[in-house]
$ cat final-v4.cif   # mmCIF, C-alpha atoms
data_protein
#
loop_
_atom_site.group_PDB
_atom_site.id
_atom_site.type_symbol
_atom_site.label_atom_id
_atom_site.label_comp_id
_atom_site.auth_asym_id
_atom_site.auth_seq_id
_atom_site.Cartn_x
_atom_site.Cartn_y
_atom_site.Cartn_z
ATOM 1 C CA MET Y 1 -15.249 -17.101 -124.571
ATOM 2 C CA GLU Y 2 -13.392 -19.504 -122.353
ATOM 3 C CA VAL Y 3 -10.374 -17.892 -120.669
ATOM 4 C CA THR Y 4 -7.567 -19.836 -118.984
ATOM 5 C CA PHE Y 5 -4.704 -18.370 -116.963
ATOM 6 C CA LEU Y 6 -1.321 -20.046 -116.560
ATOM 7 C CA TYR Y 7 1.437 -18.888 -114.175
ATOM 8 C CA LYS Y 8 5.095 -19.721 -113.763
ATOM 9 C CA ASN Y 9 7.374 -18.413 -110.985
ATOM 10 C CA LEU Y 10 4.889 -15.805 -109.719
ATOM 11 C CA SER Y 11 4.014 -14.859 -106.154
ATOM 12 C CA LYS Y 12 0.359 -14.837 -105.046
ATOM 13 C CA SER Y 13 0.197 -11.028 -105.151
ATOM 14 C CA GLU Y 14 1.630 -10.979 -108.687
ATOM 15 C CA GLU Y 15 -0.882 -13.631 -109.767
ATOM 16 C CA LYS Y 16 -3.749 -11.568 -108.369
ATOM 17 C CA MET Y 17 -2.530 -8.398 -110.070
ATOM 18 C CA PHE Y 18 -2.042 -10.259 -113.373
ATOM 19 C CA ASN Y 19 -5.548 -11.778 -113.181
ATOM 20 C CA GLU Y 20 -7.262 -8.478 -112.465
ATOM 21 C CA TYR Y 21 -5.361 -6.537 -115.108
ATOM 22 C CA SER Y 22 -5.760 -9.228 -117.780
ATOM 23 C CA ASN Y 23 -9.496 -9.540 -117.103
ATOM 24 C CA SER Y 24 -9.869 -5.808 -117.729
ATOM 25 C CA LYS Y 25 -8.303 -6.278 -121.194
ATOM 26 C CA ILE Y 26 -10.378 -9.250 -122.356
ATOM 27 C CA ASP Y 27 -13.358 -7.117 -123.431
ATOM 28 C CA ALA Y 28 -11.274 -5.444 -126.148
ATOM 29 C CA ILE Y 29 -10.648 -8.875 -127.665
ATOM 30 C CA SER Y 30 -14.227 -10.106 -127.176
ATOM 31 C CA LEU Y 31 -15.665 -7.164 -129.100
ATOM 32 C CA LEU Y 32 -13.846 -8.325 -132.239
ATOM 33 C CA LEU Y 33 -15.115 -11.901 -131.930
ATOM 34 C CA THR Y 34 -18.881 -11.378 -132.057
ATOM 35 C CA LYS Y 35 -19.226 -13.404 -135.280
ATOM 36 C CA PHE Y 36 -17.887 -16.576 -133.678
ATOM 37 C CA ALA Y 37 -19.927 -18.892 -131.450
ATOM 38 C CA GLU Y 38 -19.363 -18.355 -127.732
ATOM 39 C CA ASP Y 39 -18.095 -21.898 -127.164
ATOM 40 C CA ALA Y 40 -15.785 -21.767 -130.214
ATOM 41 C CA LYS Y 41 -13.392 -19.191 -128.731
ATOM 42 C CA ILE Y 42 -10.631 -20.132 -126.292
ATOM 43 C CA LEU Y 43 -8.154 -17.622 -124.895
ATOM 44 C CA LYS Y 44 -5.123 -18.843 -122.951
ATOM 45 C CA ILE Y 45 -3.145 -16.164 -121.130
ATOM 46 C CA SER Y 46 0.149 -17.219 -119.599
ATOM 47 C CA ILE Y 47 2.835 -15.362 -117.698
ATOM 48 C CA GLU Y 48 6.333 -16.354 -116.692
ATOM 49 C CA LYS Y 49 8.624 -14.420 -114.399
ATOM 50 C CA PHE Y 50 12.347 -14.506 -115.091
ATOM 51 C CA GLU Y 51 14.164 -13.969 -111.791
ATOM 52 C CA LYS Y 52 17.554 -13.374 -113.384
ATOM 53 C CA HIS Y 53 16.381 -10.467 -115.530
ATOM 54 C CA ASP Y 54 13.531 -9.336 -113.268
ATOM 55 C CA ALA Y 55 11.204 -9.471 -116.275
ATOM 56 C CA TYR Y 56 7.831 -10.952 -117.200
ATOM 57 C CA GLN Y 57 6.866 -12.706 -120.410
ATOM 58 C CA VAL Y 58 3.160 -12.674 -121.250
ATOM 59 C CA GLU Y 59 1.624 -14.812 -123.964
ATOM 60 C CA PHE Y 60 -1.899 -14.541 -125.370
ATOM 61 C CA ASN Y 61 -3.019 -17.593 -127.339
ATOM 62 C CA LEU Y 62 -6.415 -17.265 -129.044
ATOM 63 C CA ILE Y 63 -7.902 -20.404 -130.576
ATOM 64 C CA LEU Y 64 -10.671 -19.858 -133.130
ATOM 65 C CA PRO Y 65 -12.362 -22.284 -135.525
ATOM 66 C CA THR Y 66 -10.539 -20.632 -138.435
ATOM 67 C CA LYS Y 67 -7.097 -20.020 -136.933
ATOM 68 C CA SER Y 68 -4.958 -19.954 -133.789
ATOM 69 C CA ILE Y 69 -3.298 -16.628 -133.050
ATOM 70 C CA MET Y 70 -0.448 -16.180 -130.586
ATOM 71 C CA ALA Y 71 1.194 -13.002 -129.301
ATOM 72 C CA THR Y 72 4.122 -12.899 -126.882
ATOM 73 C CA GLU Y 73 5.813 -9.915 -125.274
ATOM 74 C CA ALA Y 74 8.257 -9.388 -122.428
ATOM 75 C CA SER Y 75 8.723 -6.430 -120.131
ATOM 76 C CA HIS Y 76 9.926 -5.479 -116.662
ATOM 77 C CA GLN Y 77 6.348 -4.574 -115.676
ATOM 78 C CA ILE Y 78 3.381 -6.946 -115.690
ATOM 79 C CA THR Y 79 0.980 -4.288 -116.978
ATOM 80 C CA LYS Y 80 3.228 -3.266 -119.856
ATOM 81 C CA ALA Y 81 3.793 -6.889 -120.928
ATOM 82 C CA VAL Y 82 0.020 -7.540 -120.867
ATOM 83 C CA ASP Y 83 -0.710 -4.364 -122.860
ATOM 84 C CA LEU Y 84 1.932 -5.085 -125.497
ATOM 85 C CA SER Y 85 0.889 -8.695 -126.036
ATOM 86 C CA LYS Y 86 -2.821 -7.775 -126.102
ATOM 87 C CA ASP Y 87 -2.137 -5.070 -128.704
ATOM 88 C CA ARG Y 88 -0.124 -7.500 -130.822
ATOM 89 C CA LEU Y 89 -2.925 -10.092 -130.601
ATOM 90 C CA ILE Y 90 -5.565 -7.539 -131.590
ATOM 91 C CA SER Y 91 -3.473 -6.430 -134.561
ATOM 92 C CA GLN Y 92 -3.115 -10.016 -135.787
ATOM 93 C CA LEU Y 93 -6.798 -10.688 -135.141
ATOM 94 C CA LYS Y 94 -7.878 -7.660 -137.189
ATOM 95 C CA LYS Y 95 -5.707 -8.831 -140.095
ATOM 96 C CA HIS Y 96 -7.222 -12.311 -139.881
ATOM 97 C CA LEU Y 97 -10.793 -10.984 -139.773
ATOM 98 C CA ALA Y 98 -10.075 -8.730 -142.776
ATOM 99 C CA HIS Y 99 -8.693 -11.754 -144.602
ATOM 100 C CA LEU Y 100 -11.867 -13.729 -143.864
ATOM 101 C CA ARG Y 101 -14.063 -10.866 -145.108
ATOM 102 C CA LYS Y 102 -11.981 -10.500 -148.270
ATOM 103 C CA GLU Y 103 -12.327 -14.182 -149.096
ATOM 104 C CA ARG Y 104 -16.065 -14.023 -148.618
ATOM 105 C CA THR Y 105 -16.507 -10.934 -150.798
ATOM 106 C CA VAL Y 106 -14.233 -12.316 -153.526
ATOM 107 C CA ASP Y 107 -16.164 -15.604 -153.618
ATOM 108 C CA HIS Y 108 -19.407 -13.667 -153.716
ATOM 109 C CA CYS Y 109 -18.227 -11.508 -156.648
ATOM 110 C CA VAL Y 110 -17.008 -14.537 -158.588
ATOM 111 C CA ALA Y 111 -20.393 -16.202 -158.108
ATOM 112 C CA LYS Y 112 -22.108 -13.133 -159.571
ATOM 113 C CA LEU Y 113 -19.793 -13.097 -162.603
ATOM 114 C CA ASN Y 114 -20.227 -16.809 -163.303
ATOM 115 C CA PRO Y 115 -23.908 -17.632 -162.773
#
$ encode --input "final-v4.cif" --output "structure tokens"
Amino acid sequence: MEVTFLYKNLSKSEEKMFNEYSNSKIDAISLLLTKFAEDAKILKISIEKFEKHDAYQVEFNLILPTKSIMATEASHQITKAVDLSKDRLISQLKKHLAHLRKERTVDHCVAKLNP
């Protein structure tokens, strides 16, 4: 899976912390994507710091051959924003994968009924 990081208004130390923490969370997403080709998965992780509110907005954007899934969360801590957006992405991804499996099993059952 190709992973891209984007930063806006972050210091170098915040960028480093964001990179390390986000990289530790990527495996949880990768485990759900074993059925897709390695070069068919793109994950874009972006973070923006809002100086006025002292908050961070993290966005996970996963591009698959079947669908693009985006999850955005904001928090006053980088780690919490990453965790919340990763959890939201995983939830959406599980729903999408269940939808793909359902379509396949329904088509398969219809084919058996109508030979």
$ residues_around --input "final-v4.cif" --residues "range 58-63 of chain Y" --least-positions-apart "2" --cutoff "6 Å" --atoms "only C-alpha atoms" --output "JSON, numbers by chain"
{"Y": [41, 42, 43, 44, 45, 46, 47, 68, 69, 70, 71, 72, 73, 81]}
$ closest_residue --input "final-v4.cif" --among "Y:His76, Y:Leu31, Y:Asp87, Y:Asn23" --to "Glu51 in chain Y" --atoms "all atoms listed in the file"
Y:His76
$ residues_around --input "final-v4.cif" --residues "range 90-93 of chain Y" --least-positions-apart "3" --cutoff "8 Å" --atoms "all atoms listed in the file" --output "list in words"
Ile29, Leu32, Ile69, Lys86, Asp87, His96 and Leu97 of chain Y
$ write_last_selection --input "final-v4.cif" --atoms "C-alpha atoms" --output "compact mmCIF listing (two decimals), in the frame of the given file"
# COMPACT_ATOMS: atom_id res chain seq x y z
CA ILE Y 29 -10.65 -8.88 -127.66
CA LEU Y 32 -13.85 -8.32 -132.24
CA ILE Y 69 -3.30 -16.63 -133.05
CA LYS Y 86 -2.82 -7.78 -126.10
CA ASP Y 87 -2.14 -5.07 -128.70
CA HIS Y 96 -7.22 -12.31 -139.88
CA LEU Y 97 -10.79 -10.98 -139.77
$ atom_distance --input "final-v4.cif" --atom1 "CA of Ser24 in chain Y" --atom2 "CA of Leu89 in chain Y"
15.2 Å
$ closest_residue --input "final-v4.cif" --among "Y:Ile26, Y:Met1, Y:Ile78, Y:Ala37" --to "Ser13 in chain Y" --atoms "only C-alpha atoms"
Y:Ile78
$ closest_residue --input "final-v4.cif" --among "Y:Arg101, Y:Leu64, Y:Ser85, Y:Ser75" --to "Leu33 in chain Y" --atoms "only C-alpha atoms"
Y:Leu64
$ residues_around --input "final-v4.cif" --residues "Lys49 in chain Y" --least-positions-apart "5" --cutoff "10 Å" --atoms "all atoms listed in the file" --output "VMD selection string"
chain Y and resid 7 to 11 14 54 to 58 74 to 76 78
